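What follows is a set of notes on a single structure, which appears directly below.
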Amino acid sequence: MNEQNPSPLDRVRDLESAGQYEAALVGYAQLRRYADAGRIAFGLGRLTEAARYYQEATHFFEAAACHHRAGDSRKCLEMLLRVPKDHPAYRKASQQVVRIATEHRLVDYQTDHFLSRYLAQAPADEQDLDAFERLAKFYESERDTENAREMLQRVAAVNPNFRDAARRLAALTRASQPKAMDDEIA
């Protein structure tokens with residue numbers, strides 16, 4: 001477009017370049033450039049508003065980050081669970097889903113479904129080991145020995161010393177084995 005007749009988007013970008021962020025925010029929202037509006041709202045410290053714009057733009061990971069920064073774990077989890085499994089940040093989103101869901105005891109079918117692809121892979125780094133171990137602890141607390149053992153096996157296969165994974169796995173395995181009848185009589 002020529003300089004004498006800039007497009008509406010160019011005018012909004014000019015507002016942003018000139019530091020007129022409030023006007024730029026309104027302009028981006030009116031143009032339905034919700035990711036840009038979210039970016040500006042985030043920069044202005046208006047986290048809930050930024051999250052709403054990012055959600056409208058289907059940028060769920062960014063919306064989750066805004067809710068996290070605002071201290072709203074449940075809304076953060078809600079947005080993380082909408083991150084597509086082919087998204088570049090899926091792994092990081094999965095690690096955060098585990099952290100929030102286990103801390104708030106919100107592990108359910110929806111979180112299990114979301115995590116299925118993530119948990120199908122071996123832990124690749126310290127954050128993955130932490131996530132798998134957190135799930136093991138959660139399952140142990142729920143008396144779900146089978147899932148707890150599976151998570152500890154995955155951790156121990158990569159790093160047996162990570163939070164005593166191998167020792168805990170052995171103890172869990174021993175505890176879940178049926179006792180012999182002779183032991184009951186003696």
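Ordered as shown in the structure tokens, chains take letters A, B, and onward, while each chain numbers its residues from 1 and ligands are numbered from 1 in the order shown.
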Exercise for the section: Identify, with DSSP run on backbone atoms, the residues in chain A assigned to helix (DSSP H, G or I), and express the list as JSON, numbers by chain. Expected result: {"A": [8, 9, 10, 11, 12, 13, 14, 15, 16, 17, 21, 22, 23, 24, 25, 26, 27, 28, 29, 30, 34, 35, 36, 37, 38, 39, 40, 41, 42, 43, 47, 48, 49, 50, 51, 52, 53, 54, 55, 56, 60, 61, 62, 63, 64, 65, 66, 67, 68, 69, 70, 73, 74, 75, 76, 77, 78, 79, 80, 90, 91, 92, 93, 94, 95, 96, 97, 98, 99, 100, 101, 102, 103, 109, 110, 111, 112, 113, 114, 115, 116, 117, 118, 119, 126, 127, 128, 129, 130, 131, 132, 133, 134, 135, 136, 137, 138, 139, 140, 141, 145, 146, 147, 148, 149, 150, 151, 152, 153, 154, 155, 156, 157, 158, 162, 163, 164, 165, 166, 167, 168, 169, 170, 171, 172, 173, 174, 175, 176, 181, 182, 183, 184, 185]}
Could I get the residues of region 78-128 of chain A with an atom no further than 10 Å from an atom of region 134-154 of chain A, each paired with its nearest atom pair and that distance in Å to one decimal, using only C-alpha atoms, sorted by chain and residue number, as a tab-separated table?
residue	atom	partner	partner_atom	distance
A:Gln95	CA	A:Arg134	CA	9.9
A:Val98	CA	A:Leu135	CA	6.9
A:Arg99	CA	A:Arg134	CA	7.2
A:Ala101	CA	A:Leu135	CA	9.3
A:Thr102	CA	A:Phe138	CA	6.2
A:Glu103	CA	A:Phe138	CA	8.7
A:Arg105	CA	A:Phe138	CA	8.0
A:Val107	CA	A:Phe138	CA	8.6
A:Leu119	CA	A:Met151	CA	8.7
A:Ala120	CA	A:Arg154	CA	9.9
A:Gln121	CA	A:Arg154	CA	9.0
A:Ala122	CA	A:Arg154	CA	6.4
A:Pro123	CA	A:Arg154	CA	7.1
A:Asp128	CA	A:Arg134	CA	9.7
Keeping only all heavy atoms, write the selected residues as a JSON list (two decimals), in the first residue's frame.
[["chain", "number", "residue", "atom", "x", "y", "z"],
["A", 95, "GLN", "N", 4.70, -31.41, 30.43],
["A", 95, "GLN", "CA", 5.40, -31.32, 31.72],
["A", 95, "GLN", "C", 4.62, -30.44, 32.69],
["A", 95, "GLN", "O", 4.48, -30.77, 33.87],
["A", 95, "GLN", "CB", 6.81, -30.76, 31.51],
["A", 95, "GLN", "CG", 7.71, -31.68, 30.73],
["A", 95, "GLN", "CD", 8.96, -30.98, 30.19],
["A", 95, "GLN", "OE1", 9.08, -29.75, 30.23],
["A", 95, "GLN", "NE2", 9.90, -31.76, 29.69],
["A", 98, "VAL", "N", 1.40, -32.20, 33.95],
["A", 98, "VAL", "CA", 1.70, -33.13, 35.03],
["A", 98, "VAL", "C", 1.88, -32.38, 36.34],
["A", 98, "VAL", "O", 1.32, -32.75, 37.37],
["A", 98, "VAL", "CB", 2.96, -33.98, 34.71],
["A", 98, "VAL", "CG1", 3.43, -34.75, 35.94],
["A", 98, "VAL", "CG2", 2.69, -34.92, 33.55],
["A", 99, "ARG", "N", 2.67, -31.31, 36.32],
["A", 99, "ARG", "CA", 2.93, -30.55, 37.54],
["A", 99, "ARG", "C", 1.63, -30.02, 38.15],
["A", 99, "ARG", "O", 1.36, -30.24, 39.33],
["A", 99, "ARG", "CB", 3.89, -29.39, 37.25],
["A", 99, "ARG", "CG", 4.29, -28.61, 38.51],
["A", 99, "ARG", "CD", 5.13, -27.38, 38.19],
["A", 99, "ARG", "NE", 4.45, -26.44, 37.32],
["A", 99, "ARG", "CZ", 3.46, -25.62, 37.71],
["A", 99, "ARG", "NH1", 3.03, -25.64, 38.95],
["A", 99, "ARG", "NH2", 2.90, -24.78, 36.86],
["A", 101, "ALA", "N", -1.61, -30.80, 37.41],
["A", 101, "ALA", "CA", -2.63, -31.83, 37.68],
["A", 101, "ALA", "C", -2.30, -32.64, 38.93],
["A", 101, "ALA", "O", -3.20, -32.98, 39.70],
["A", 101, "ALA", "CB", -2.80, -32.74, 36.47],
["A", 102, "THR", "N", -1.02, -32.95, 39.14],
["A", 102, "THR", "CA", -0.67, -33.73, 40.33],
["A", 102, "THR", "C", -0.72, -32.85, 41.59],
["A", 102, "THR", "O", -1.18, -33.31, 42.63],
["A", 102, "THR", "CB", 0.71, -34.40, 40.19],
["A", 102, "THR", "OG1", 1.71, -33.42, 39.90],
["A", 102, "THR", "CG2", 0.68, -35.47, 39.11],
["A", 103, "GLU", "N", -0.26, -31.60, 41.50],
["A", 103, "GLU", "CA", -0.31, -30.70, 42.66],
["A", 103, "GLU", "C", -1.74, -30.45, 43.13],
["A", 103, "GLU", "O", -2.01, -30.36, 44.32],
["A", 103, "GLU", "CB", 0.34, -29.35, 42.33],
["A", 103, "GLU", "CG", 1.84, -29.38, 42.34],
["A", 103, "GLU", "CD", 2.46, -28.05, 41.93],
["A", 103, "GLU", "OE1", 1.72, -27.03, 41.80],
["A", 103, "GLU", "OE2", 3.68, -28.02, 41.74],
["A", 105, "ARG", "N", -4.34, -32.42, 42.31],
["A", 105, "ARG", "CA", -5.08, -33.69, 42.29],
["A", 105, "ARG", "C", -6.18, -33.66, 41.23],
["A", 105, "ARG", "O", -7.32, -34.02, 41.48],
["A", 105, "ARG", "CB", -5.62, -34.02, 43.66],
["A", 105, "ARG", "CG", -4.49, -33.94, 44.72],
["A", 105, "ARG", "CD", -4.66, -34.77, 45.93],
["A", 105, "ARG", "NE", -4.77, -36.19, 45.77],
["A", 105, "ARG", "CZ", -3.76, -37.03, 45.55],
["A", 105, "ARG", "NH1", -2.55, -36.59, 45.40],
["A", 105, "ARG", "NH2", -3.97, -38.32, 45.47],
["A", 107, "VAL", "N", -5.77, -35.19, 38.13],
["A", 107, "VAL", "CA", -5.49, -36.21, 37.13],
["A", 107, "VAL", "C", -6.78, -36.96, 36.85],
["A", 107, "VAL", "O", -7.40, -37.51, 37.75],
["A", 107, "VAL", "CB", -4.38, -37.18, 37.59],
["A", 107, "VAL", "CG1", -4.14, -38.26, 36.56],
["A", 107, "VAL", "CG2", -3.09, -36.40, 37.87],
["A", 119, "LEU", "N", 3.68, -39.59, 27.34],
["A", 119, "LEU", "CA", 4.09, -40.70, 28.19],
["A", 119, "LEU", "C", 4.50, -41.94, 27.40],
["A", 119, "LEU", "O", 5.10, -42.85, 27.95],
["A", 119, "LEU", "CB", 2.96, -41.05, 29.17],
["A", 119, "LEU", "CG", 2.62, -39.95, 30.17],
["A", 119, "LEU", "CD1", 1.45, -40.38, 31.04],
["A", 119, "LEU", "CD2", 3.83, -39.60, 31.03],
["A", 120, "ALA", "N", 4.20, -41.95, 26.11],
["A", 120, "ALA", "CA", 4.60, -43.08, 25.27],
["A", 120, "ALA", "C", 6.09, -43.03, 24.93],
["A", 120, "ALA", "O", 6.66, -44.02, 24.47],
["A", 120, "ALA", "CB", 3.78, -43.10, 23.98],
["A", 121, "GLN", "N", 6.72, -41.90, 25.19],
["A", 121, "GLN", "CA", 8.15, -41.73, 24.91],
["A", 121, "GLN", "C", 8.94, -41.84, 26.21],
["A", 121, "GLN", "O", 8.43, -41.57, 27.29],
["A", 121, "GLN", "CB", 8.39, -40.36, 24.27],
["A", 121, "GLN", "CG", 7.61, -40.16, 22.99],
["A", 121, "GLN", "CD", 7.69, -38.72, 22.50],
["A", 121, "GLN", "OE1", 8.53, -37.95, 22.94],
["A", 121, "GLN", "NE2", 6.78, -38.36, 21.61],
["A", 122, "ALA", "N", 10.20, -42.22, 26.07],
["A", 122, "ALA", "CA", 11.07, -42.28, 27.24],
["A", 122, "ALA", "C", 11.40, -40.86, 27.71],
["A", 122, "ALA", "O", 11.48, -39.95, 26.89],
["A", 122, "ALA", "CB", 12.36, -43.01, 26.88],
["A", 123, "PRO", "N", 11.59, -40.69, 29.01],
["A", 123, "PRO", "CA", 12.02, -39.38, 29.50],
["A", 123, "PRO", "C", 13.33, -38.97, 28.83],
["A", 123, "PRO", "O", 14.27, -39.76, 28.78],
["A", 123, "PRO", "CB", 12.21, -39.60, 31.00],
["A", 123, "PRO", "CG", 11.44, -40.83, 31.33],
["A", 123, "PRO", "CD", 11.44, -41.66, 30.09],
["A", 128, "ASP", "N", 11.54, -34.13, 32.07],
["A", 128, "ASP", "CA", 10.74, -35.33, 31.82],
["A", 128, "ASP", "C", 10.83, -36.29, 33.00],
["A", 128, "ASP", "O", 9.82, -36.86, 33.43],
["A", 128, "ASP", "CB", 11.20, -36.05, 30.55],
["A", 128, "ASP", "CG", 10.84, -35.33, 29.27],
["A", 128, "ASP", "OD1", 9.95, -34.44, 29.30],
["A", 128, "ASP", "OD2", 11.43, -35.66, 28.22]]
Exercise for the section: Name the residues in contact with Gly45 (chain A) at a cut-off of 12 Å, using only C-alpha atoms, excluding same-chain residues fewer than 4 positions from it; report them as a list in words. Expected result: Tyr21, Glu22, Gly38, Arg39, Ile40, Ala41, Glu49, Ala50, Ala51, Cys66, His67, Arg69 and Ala70 of chain A
Completion exercise
A straight line from CA of Ala156 (chain A) to CA of Ser73 (chain A) spans 29.6 Å
Problem - Contacts of Val83 (chain A) within 8 Å, only C-alpha atoms, excl. fewer than 6 positions in-chain, as an MDAnalysis selection string - result: chainID A and resid 59:61 90 93
Please write the residues from the selection above to a file, keeping C-alpha atoms, as a compact mmCIF listing (two decimals), in the first residue's frame.
# COMPACT_ATOMS: atom_id res chain seq x y z
CA HIS A 59 -2.64 -19.83 20.83
CA PHE A 60 -3.40 -22.00 23.83
CA PHE A 61 0.17 -22.38 25.06
CA TYR A 90 3.54 -30.01 23.40
CA ALA A 93 2.93 -28.27 27.93
Problem - Selection: 12 Å around Lys85 (chain A), only C-alpha atoms, excl. self and same-chain fewer than 3 positions, as a list in words - result: Phe60, Phe61, Leu80, Leu81, Arg82, Pro88, Ala89, Tyr90, Arg91, Lys92, Ala93, Ser94, His113, Phe114, Leu115, Ser116, Arg117, Tyr118 and Leu119 of chain A
Problem - Residue nearest Gly27 (chain A) among A:Leu44, A:Leu9, A:Gln96, A:Gln177 (counting only C-alpha atoms) - result: A:Leu9
Problem - Pairwise distance for CA of Arg32 (chain A) and CA of Ala65 (chain A), rounded to one decimal in Å - result: 21.0 Å
